[in-house]
Amino acid sequence: MRYFLSRIMQALVIVAGITVSVFFILRFTAGDPARIRGTIFANNAVLDTYRKQFGTDKSIFQQFWNFLSGISHGSLGDSFRYQQPVTGLVLPALQHTLLLGMSALLISVSLATILGTLSARRPRGFFARISTLLAIISQSAPLFWIGLLLISLFSIHLGWLPSGGFMSWKGLVLPAFTLALSVLPAEMRVLAASVRAELDEDYVRTAHAFGIAEWRIYLVHVFRNACLPLLTVIGNDMGILLGGAIVAEVVFNFPGIGSLALVGLNAHDYPLLQGVTIVAASTFVLVNLAVDLFYTVINPRVRLGALE
Amino acid sequence: MNLRNRNSSSKLKANETSFTRHKGLKFGVALVAVGGLVLTTSSVMSSSAASAPSGQLIIANAEPISAAYYDPASAFGLVDDQLASLVFDTLLKLDKKGNVSTSLATSYKQVSKNEVDVVVRTGVKFSDGSALTPADVVASINRIFDPKSPLAHALLGAPGKATASGNTVKIVMDKPFGPLLKSLAEIQIEPVADINSPDNWKVKPTGSGPYTFVSNENNDITVTANPDYWGTQPLIKTIILRYIEDSQARLSALLTGQVDISTRVGPQEIAAVKGNDSIKVISGQGPPSEIISIWRDSGPLKSVKVRQALLHAIDRDAIAKTIQGGMNAVPLNSMPTNMPMYAASSVSYAYNPKLARSLLKAAGFNNNLKLTMATSTLVPKQTEIDQAIVAYLKAVGVSVKVTQLEVGKFRSSYSNYDMSLNTIATFNDDPSFALGIYAGGIGKAVFGWQDAPFDALFAQQRDTTGTARTTAVHAAQNYLWKQARTLVVSDENWVFLVNSRVKNYERAPLVGEPLITSASVG
């Protein structure tokens with residue numbers, strides 16, 4: 001219990017630190033959002049109207065106080081650009097990004113499991129070579145380039161899938177697959193190595209001696225132990241997926257928080273950028289926390305170690 | 001034999017026969033009548049169905065709407081204007097060539113140089129069912145006269161007032177105002193109720209135009225044909241304005257048929273669709289626009305000799321041909337070539353590095369002139385154009401310190417650098433707009449320049465109407481040009497890629513899409 005509480009406190013401190021940093025960094029480094037909003041010929045009266053509307057006519061400490069007061073009421077402020085509450089913009093976008101991320105994770109974990117296990121079983125076999133090739137391509141080629149190639153093949157030439165947007169489940173396939181490729185190599189390697197290590201363990205030899213079916217040995221015994229390192233990698237992969245999602249969302253015009261962040265950046269929309277950062281950081285921290293907790297469920301040794 | 005009976009029976013038979021024949025005739029007539037009725041009804045229905053709006057058109061834009069705040073008088077991005085032109089009406093309108101005609105006004109009359117009277121159409125309703133009255137027209141125009149309105153300078157940069165007398169609205173300027181008619185083709189007419197309760201614009205725009213706002217979700221703004229529109233029903237039922245940030249993603253969407261039109265494309269996209277019969281390239285149908293390098297009137301750039309030297313040092317034709325792919329014309333004056341009343345100057349500032357060096361020497365600079373430049377990605381191909389300018393200037397002994405800025409920072413940093421590239425699009429197809437950025441407080445803010453002779457020339461063209469105005473516009477643009485006030489790199493030709501299933505797509509020389517009502521999708 002103490003462990004969980006300390007992890008939660010840690011998470012809160014991290015998110016708070018990120019929030020405060022983003023607030024001040026944006027205001028000290030970026031240009032005047034009123035200037036972005038107005039045209040080149042906007043006079044001072046017009047710019048002042050925008051500054052008043054955005055609240056940027058106040059001192060930075062007043063703005064910070066207003067921001068903190070808003071957070072205590074569950075409000076992240078109103079977007080300069082959209083003139084809507086930031087929570088109303090970020091949460092639906094976050095749902096899309098999480099869907100994209102989870103789909104990508106599902107694809108990558110499934111492929112990593114299959115290919116990693118098969119590679120470990122026959123290190124010089126056909127699937128091992130396929131895995132190596134896939135890993136080299138995924139690690140060498142930039143994400144956006146892979147995405148563009150997939151669009152060219154499956155959307156433009158074959159017409160099987162849409163090139164972008166999210167009108168139906170079909171709009172999820174290409175961006176999820178592209179994103180999956182960014183984390184697949186590491187997962188495959190980790191799983192292959194840990195399966196190989198488990199296969200050399202005595203209990204596997206004993207299970208064979210008892211005549212237990214091979215598929216049962218892999219599924220029930222080997223995989224349960226081999227997946228522990230994979231869980232750690234998945235925790236890290238969530239950060240990569242969240243970051244990579246921005247690129248995928250731009251290439252595929254996917255309406256997630258990455259696209260929203262880009263709009264916020266271009267418009268110097270401080271509340272929107274803060275909202276996206278806070279939500280993204282919180283999500284990442286929570287996911288890692290969940291992975292850590294799940295780890296203790298899967299591996300009782302960790303739980304007992306913590307108790308000791 | 002009973003003759004009588006025989007007679008009766010034959011008569012009866014005759015009667016029966018004639019009755020049967022009569023009955024048959026009646027039946028036949030009835031059948032023909034019903035058949036005719038059925039045919040007529042179905043042809044009426046099918047012809048009504050043919051004229052009813054149908055289909056969907058998706059327009060892909062590189063930018064989202066400026067704000068989810070739908071007051072047409074406070075926003076002026078591409079998408080804002082697109083939406084406003086579909087949902088709202090204007091008193092007058094421009095055709096493809098920029099000629100003015102009536103729209104919401106049934107007639108207009110230039111009563112004097114200061115006054116235009118318009119007769120407002122009756123029986124028009126806003127999309128919320130309320131009637132459009134002259135009071136709405138008056139309120140919509142008068143708010144643009146307010147100097148605090150973002151569009152005041154752009155459209156009605158001189159004092160005046162609109163009043164109503166019955167169905168006639170009188171727009172009276174304090175002085176003659178040359179751009180008035182063109183500006184009336186851009187000022188959207190809004191309900192007084194929304195003007196008095198601006199929070200309504202946070203929900204949706206309410207206009208009387210050919211389309212009604214439906215939603216703004218997931219990067220799509222959807223409008224649908226207004227069934228109660230006073231004018232000719234548009235042929236397309238639903239229009240979606242879709243934001244796709246990445247140019248490659250926009251192109252892919254166009255090639256896969258996910259969108260029908262891609263707006264303001266560059267030379268790479270045009271090259272990518274070359275030879276593709278399903279995509280049409282629509283060029284030269286945008287508002288007069290230009291790419292200029294804003295030169296601050298400070299330091300070395302205060303000298304007209306230095307400015308003229310720099311213009312001779314930079315090969316604008318080569319930039320237009322190589323970097324811009326030949327898309328853009330190179331003006332020989334201070335306005336875009338497709339601006340009404342544009343006139344090429346006899347002074348060409350032809351590329352001449354030798355002349356540039358001698359002018360710099362005469363100005364007291366001999367390979368020791370240093371300038372600063374901010375660069376970003378605001379303008380299409382900005383990095384390449386800026387690099388070319390730096391290289392040309394280096395060749396004549398001018399060193400330029402370049403600072404790369406993020407777009408937002410760039411837009412708020414003009415006053416800190418000697419040179420910054422920008423793009424200016426005209427909202428109302430009038431020269432006053434393009435010349436206005438050099439005049440008065442705007443000139444001071446943008447260029448750090450305030451010049452009484454030019455302010456007088458600008459005022460003169462603005463305060464003149466009719467044919468005399470052409471002379472005044474020529475004088476103003478020539479003054480700027482001979483002063484070498486700034487570097488006009490080229491026009492900015494708006495090019496659109498349109499799927500061939502879209503028929504009769506035309507544009508007025510405006511930012512919005514007021515002529516899209518005559519387009520159809522096959």
# chains A, B, ... in the order shown; residues from 1 in each chain; ligands from 1
call {"tool": "select_by_dssp", "arguments": {"residues": "region 191-288 of chain B", "states": "helix (DSSP H, G or I)", "output": "ChimeraX atom specification"}}
result
/B:192-196,198-202,247-255,267-272
call {"tool": "write_last_selection", "arguments": {"atoms": "C-alpha atoms", "output": "compact mmCIF listing (two decimals), in the first residue's frame"}}
result
# COMPACT_ATOMS: atom_id res chain seq x y z
CA VAL B 192 -29.01 42.49 -35.11
CA ALA B 193 -29.83 39.93 -32.42
CA ASP B 194 -26.40 38.35 -32.83
CA ILE B 195 -24.64 41.71 -32.99
CA ASN B 196 -26.27 42.60 -29.67
CA PRO B 198 -22.13 38.23 -29.53
CA ASP B 199 -22.03 35.04 -27.46
CA ASN B 200 -24.41 33.62 -30.08
CA TRP B 201 -21.43 33.44 -32.38
CA LYS B 202 -19.80 30.93 -30.08
CA SER B 247 0.36 18.99 -47.79
CA GLN B 248 1.11 15.38 -48.66
CA ALA B 249 -1.90 14.21 -46.70
CA ARG B 250 -4.05 16.72 -48.61
CA LEU B 251 -2.71 15.48 -51.90
CA SER B 252 -3.29 11.85 -50.92
CA ALA B 253 -6.83 12.68 -49.89
CA LEU B 254 -7.44 14.32 -53.27
CA LEU B 255 -5.93 11.44 -55.23
CA PRO B 267 4.35 23.75 -57.40
CA GLN B 268 5.07 20.31 -55.94
CA GLU B 269 1.41 19.38 -55.76
CA ILE B 270 0.81 20.68 -59.27
CA ALA B 271 3.70 18.58 -60.55
CA ALA B 272 2.35 15.53 -58.71
call {"tool": "residues_around", "arguments": {"residues": "Val22 (chain A)", "least_positions_apart": "2", "cutoff": "12 Å", "atoms": "only C-alpha atoms", "output": "list in words"}}
result
Val15, Ala16, Gly17, Ile18, Thr19, Val20, Phe24, Ile25, Leu26, Arg27, Phe28, Thr29, Ala30, Phe64, Tyr270, Pro271, Leu272, Leu273, Gln274, Gly275, Val276, Thr277, Ile278 and Ala281 of chain A
call {"tool": "interface_residues", "arguments": {"of": "chain B", "to": "chain A", "cutoff": "7 Å", "atoms": "only C-alpha atoms", "output": "ChimeraX atom specification"}}
result
/B:66-69,148-150,218,244-246,249,252-253,255-256,407-409,411-412,437,442
call {"tool": "write_last_selection", "arguments": {"atoms": "N, CA and C atoms", "output": "compact mmCIF listing (two decimals), in the first residue's frame"}}
result
# COMPACT_ATOMS: atom_id res chain seq x y z
N SER B 66 -10.10 30.27 -37.98
CA SER B 66 -9.33 31.08 -37.02
C SER B 66 -9.83 30.86 -35.60
N ALA B 67 -11.12 30.75 -35.45
CA ALA B 67 -11.67 30.57 -34.11
C ALA B 67 -13.05 29.95 -34.26
N ALA B 68 -13.44 29.18 -33.26
CA ALA B 68 -14.81 28.67 -33.27
C ALA B 68 -15.69 29.77 -32.69
N TYR B 69 -15.60 30.92 -33.35
CA TYR B 69 -16.35 32.11 -32.96
C TYR B 69 -16.74 32.73 -34.29
N LYS B 148 -12.37 49.95 -34.02
CA LYS B 148 -11.91 48.78 -33.26
C LYS B 148 -12.21 47.48 -33.99
N SER B 149 -13.04 47.55 -35.02
CA SER B 149 -13.36 46.33 -35.75
C SER B 149 -12.14 45.88 -36.54
N PRO B 150 -11.79 44.60 -36.46
CA PRO B 150 -10.61 44.12 -37.20
C PRO B 150 -10.71 44.36 -38.69
N ASN B 218 -14.15 17.55 -35.33
CA ASN B 218 -13.11 16.68 -35.90
C ASN B 218 -12.50 17.25 -37.17
N ILE B 244 -6.72 19.78 -43.27
CA ILE B 244 -5.68 18.75 -43.35
C ILE B 244 -4.36 19.50 -43.36
N GLU B 245 -3.64 19.40 -42.27
CA GLU B 245 -2.47 20.26 -42.08
C GLU B 245 -1.34 19.93 -43.07
N ASP B 246 -1.10 18.66 -43.28
CA ASP B 246 0.06 18.24 -44.07
C ASP B 246 -0.26 18.26 -45.57
N ALA B 249 -0.63 14.83 -47.10
CA ALA B 249 -1.90 14.21 -46.70
C ALA B 249 -3.06 14.79 -47.50
N SER B 252 -2.83 13.25 -50.96
CA SER B 252 -3.29 11.85 -50.92
C SER B 252 -4.81 11.80 -50.84
N ALA B 253 -5.37 12.66 -50.04
CA ALA B 253 -6.83 12.68 -49.89
C ALA B 253 -7.49 13.03 -51.22
N LEU B 255 -6.17 12.52 -54.27
CA LEU B 255 -5.93 11.44 -55.23
C LEU B 255 -6.80 10.22 -54.95
N THR B 256 -7.14 10.03 -53.67
CA THR B 256 -8.00 8.88 -53.33
C THR B 256 -9.47 9.25 -53.37
N VAL B 407 6.96 30.13 -36.52
CA VAL B 407 6.00 30.98 -37.23
C VAL B 407 5.35 32.02 -36.32
N GLY B 408 4.93 31.59 -35.17
CA GLY B 408 4.26 32.52 -34.27
C GLY B 408 5.17 33.64 -33.82
N LYS B 409 6.36 33.28 -33.46
CA LYS B 409 7.35 34.27 -33.06
C LYS B 409 7.69 35.18 -34.23
N ARG B 411 5.78 36.12 -36.67
CA ARG B 411 4.71 37.08 -36.94
C ARG B 411 4.69 38.23 -35.96
N SER B 412 5.28 38.03 -34.82
CA SER B 412 5.28 39.14 -33.85
C SER B 412 6.64 39.79 -33.73
N ILE B 437 -1.42 49.06 -46.54
CA ILE B 437 -0.46 48.57 -45.56
C ILE B 437 0.75 49.50 -45.45
N ILE B 442 -0.81 51.99 -40.03
CA ILE B 442 -0.47 50.63 -40.47
C ILE B 442 0.95 50.61 -41.02
call {"tool": "closest_residue", "arguments": {"among": "A:Leu286, A:Leu91, A:Leu111, A:Leu231", "to": "Leu76 (chain A)", "atoms": "only C-alpha atoms"}}
result
A:Leu91
call {"tool": "residues_around", "arguments": {"residues": "Leu174 (chain A)", "least_positions_apart": "3", "cutoff": "8 Å", "atoms": "only C-alpha atoms", "output": "list in words"}}
result
Gly147, Leu150, Ile151, Leu161, Lys170, Gly171, Phe177 and Thr178 of chain A
call {"tool": "residues_around", "arguments": {"residues": "region 429-431 of chain B", "least_positions_apart": "4", "cutoff": "9 Å", "atoms": "only C-alpha atoms", "output": "PyMOL selection string"}}
result
chain B and resi 98+178-179+182-183+287-288+335+339-342+435-436+461-462+473+509-510
call {"tool": "closest_residue", "arguments": {"among": "B:Leu332, B:Val169, B:Ser103, B:Ser289", "to": "Ser346 (chain B)", "atoms": "only C-alpha atoms"}}
result
B:Leu332
call {"tool": "closest_residue", "arguments": {"among": "A:Phe154, A:Trp145, A:Tyr50, A:Tyr295", "to": "Gly235 (chain A)", "atoms": "only C-alpha atoms"}}
result
A:Tyr295
call {"tool": "select_by_dssp", "arguments": {"residues": "region 139-295 of chain B", "states": "strand (DSSP E)", "output": "MDAnalysis selection string"}}
result
chainID B and resid 160:165 168:173 188:189 211:217 220:225 236:243 261:262 279:283 289:295
call {"tool": "atom_distance", "arguments": {"atom1": "CA of Gly243 (chain A)", "atom2": "CA of Asn288 (chain A)"}}
result
14.9 Å
call {"tool": "decode", "arguments": {"residues": "region 36-57 of chain A", "atoms": "N, CA and C atoms", "output": "PDB file, in the first residue's frame"}}
result
ATOM      1  N   ILE A  36      -0.756  36.774 -33.495  1.00  0.00           N
ATOM      2  CA  ILE A  36      -1.042  35.616 -34.350  1.00  0.00           C
ATOM      3  C   ILE A  36      -2.488  35.696 -34.834  1.00  0.00           C
ATOM      4  N   ARG A  37      -3.345  36.088 -33.914  1.00  0.00           N
ATOM      5  CA  ARG A  37      -4.768  36.150 -34.214  1.00  0.00           C
ATOM      6  C   ARG A  37      -5.079  37.254 -35.211  1.00  0.00           C
ATOM      7  N   GLY A  38      -4.418  38.389 -35.034  1.00  0.00           N
ATOM      8  CA  GLY A  38      -4.705  39.529 -35.890  1.00  0.00           C
ATOM      9  C   GLY A  38      -3.937  39.471 -37.201  1.00  0.00           C
ATOM     10  N   THR A  39      -4.388  40.241 -38.158  1.00  0.00           N
ATOM     11  CA  THR A  39      -3.648  40.299 -39.422  1.00  0.00           C
ATOM     12  C   THR A  39      -2.474  41.242 -39.255  1.00  0.00           C
ATOM     13  N   ILE A  40      -1.669  41.310 -40.293  1.00  0.00           N
ATOM     14  CA  ILE A  40      -0.490  42.169 -40.262  1.00  0.00           C
ATOM     15  C   ILE A  40      -0.882  43.632 -40.091  1.00  0.00           C
ATOM     16  N   PHE A  41      -2.108  43.992 -40.561  1.00  0.00           N
ATOM     17  CA  PHE A  41      -2.493  45.395 -40.481  1.00  0.00           C
ATOM     18  C   PHE A  41      -3.399  45.687 -39.282  1.00  0.00           C
ATOM     19  N   ALA A  42      -3.523  44.733 -38.361  1.00  0.00           N
ATOM     20  CA  ALA A  42      -4.375  44.963 -37.187  1.00  0.00           C
ATOM     21  C   ALA A  42      -3.780  46.093 -36.352  1.00  0.00           C
ATOM     22  N   ASN A  43      -4.610  47.078 -35.999  1.00  0.00           N
ATOM     23  CA  ASN A  43      -4.090  48.196 -35.215  1.00  0.00           C
ATOM     24  C   ASN A  43      -4.072  47.835 -33.727  1.00  0.00           C
ATOM     25  N   ASN A  44      -3.536  48.746 -32.940  1.00  0.00           N
ATOM     26  CA  ASN A  44      -3.347  48.442 -31.506  1.00  0.00           C
ATOM     27  C   ASN A  44      -4.668  48.220 -30.783  1.00  0.00           C
ATOM     28  N   ALA A  45      -5.709  48.942 -31.210  1.00  0.00           N
ATOM     29  CA  ALA A  45      -7.020  48.763 -30.561  1.00  0.00           C
ATOM     30  C   ALA A  45      -7.509  47.326 -30.740  1.00  0.00           C
ATOM     31  N   VAL A  46      -7.312  46.828 -31.943  1.00  0.00           N
ATOM     32  CA  VAL A  46      -7.745  45.442 -32.219  1.00  0.00           C
ATOM     33  C   VAL A  46      -6.905  44.459 -31.408  1.00  0.00           C
ATOM     34  N   LEU A  47      -5.594  44.687 -31.393  1.00  0.00           N
ATOM     35  CA  LEU A  47      -4.705  43.773 -30.658  1.00  0.00           C
ATOM     36  C   LEU A  47      -5.033  43.801 -29.170  1.00  0.00           C
ATOM     37  N   ASP A  48      -5.329  44.984 -28.661  1.00  0.00           N
ATOM     38  CA  ASP A  48      -5.662  45.082 -27.235  1.00  0.00           C
ATOM     39  C   ASP A  48      -6.945  44.328 -26.918  1.00  0.00           C
ATOM     40  N   THR A  49      -7.876  44.361 -27.873  1.00  0.00           N
ATOM     41  CA  THR A  49      -9.124  43.615 -27.668  1.00  0.00           C
ATOM     42  C   THR A  49      -8.826  42.130 -27.533  1.00  0.00           C
ATOM     43  N   TYR A  50      -7.951  41.644 -28.412  1.00  0.00           N
ATOM     44  CA  TYR A  50      -7.587  40.221 -28.330  1.00  0.00           C
ATOM     45  C   TYR A  50      -6.865  39.914 -27.028  1.00  0.00           C
ATOM     46  N   ARG A  51      -5.958  40.823 -26.629  1.00  0.00           N
ATOM     47  CA  ARG A  51      -5.189  40.555 -25.392  1.00  0.00           C
ATOM     48  C   ARG A  51      -6.128  40.470 -24.192  1.00  0.00           C
ATOM     49  N   LYS A  52      -7.129  41.341 -24.217  1.00  0.00           N
ATOM     50  CA  LYS A  52      -8.090  41.325 -23.112  1.00  0.00           C
ATOM     51  C   LYS A  52      -8.892  40.025 -23.135  1.00  0.00           C
ATOM     52  N   GLN A  53      -9.250  39.631 -24.355  1.00  0.00           N
ATOM     53  CA  GLN A  53     -10.041  38.413 -24.516  1.00  0.00           C
ATOM     54  C   GLN A  53      -9.248  37.194 -24.031  1.00  0.00           C
ATOM     55  N   PHE A  54      -7.939  37.189 -24.334  1.00  0.00           N
ATOM     56  CA  PHE A  54      -7.099  36.040 -23.981  1.00  0.00           C
ATOM     57  C   PHE A  54      -6.624  36.106 -22.530  1.00  0.00           C
ATOM     58  N   GLY A  55      -6.721  37.278 -21.943  1.00  0.00           N
ATOM     59  CA  GLY A  55      -6.202  37.428 -20.589  1.00  0.00           C
ATOM     60  C   GLY A  55      -4.711  37.706 -20.545  1.00  0.00           C
ATOM     61  N   THR A  56      -4.112  37.918 -21.702  1.00  0.00           N
ATOM     62  CA  THR A  56      -2.660  38.143 -21.722  1.00  0.00           C
ATOM     63  C   THR A  56      -2.312  39.601 -21.443  1.00  0.00           C
ATOM     64  N   ASP A  57      -3.346  40.436 -21.172  1.00  0.00           N
ATOM     65  CA  ASP A  57      -3.041  41.815 -20.788  1.00  0.00           C
ATOM     66  C   ASP A  57      -2.665  41.878 -19.301  1.00  0.00           C
TER      67      ASP A  57
END
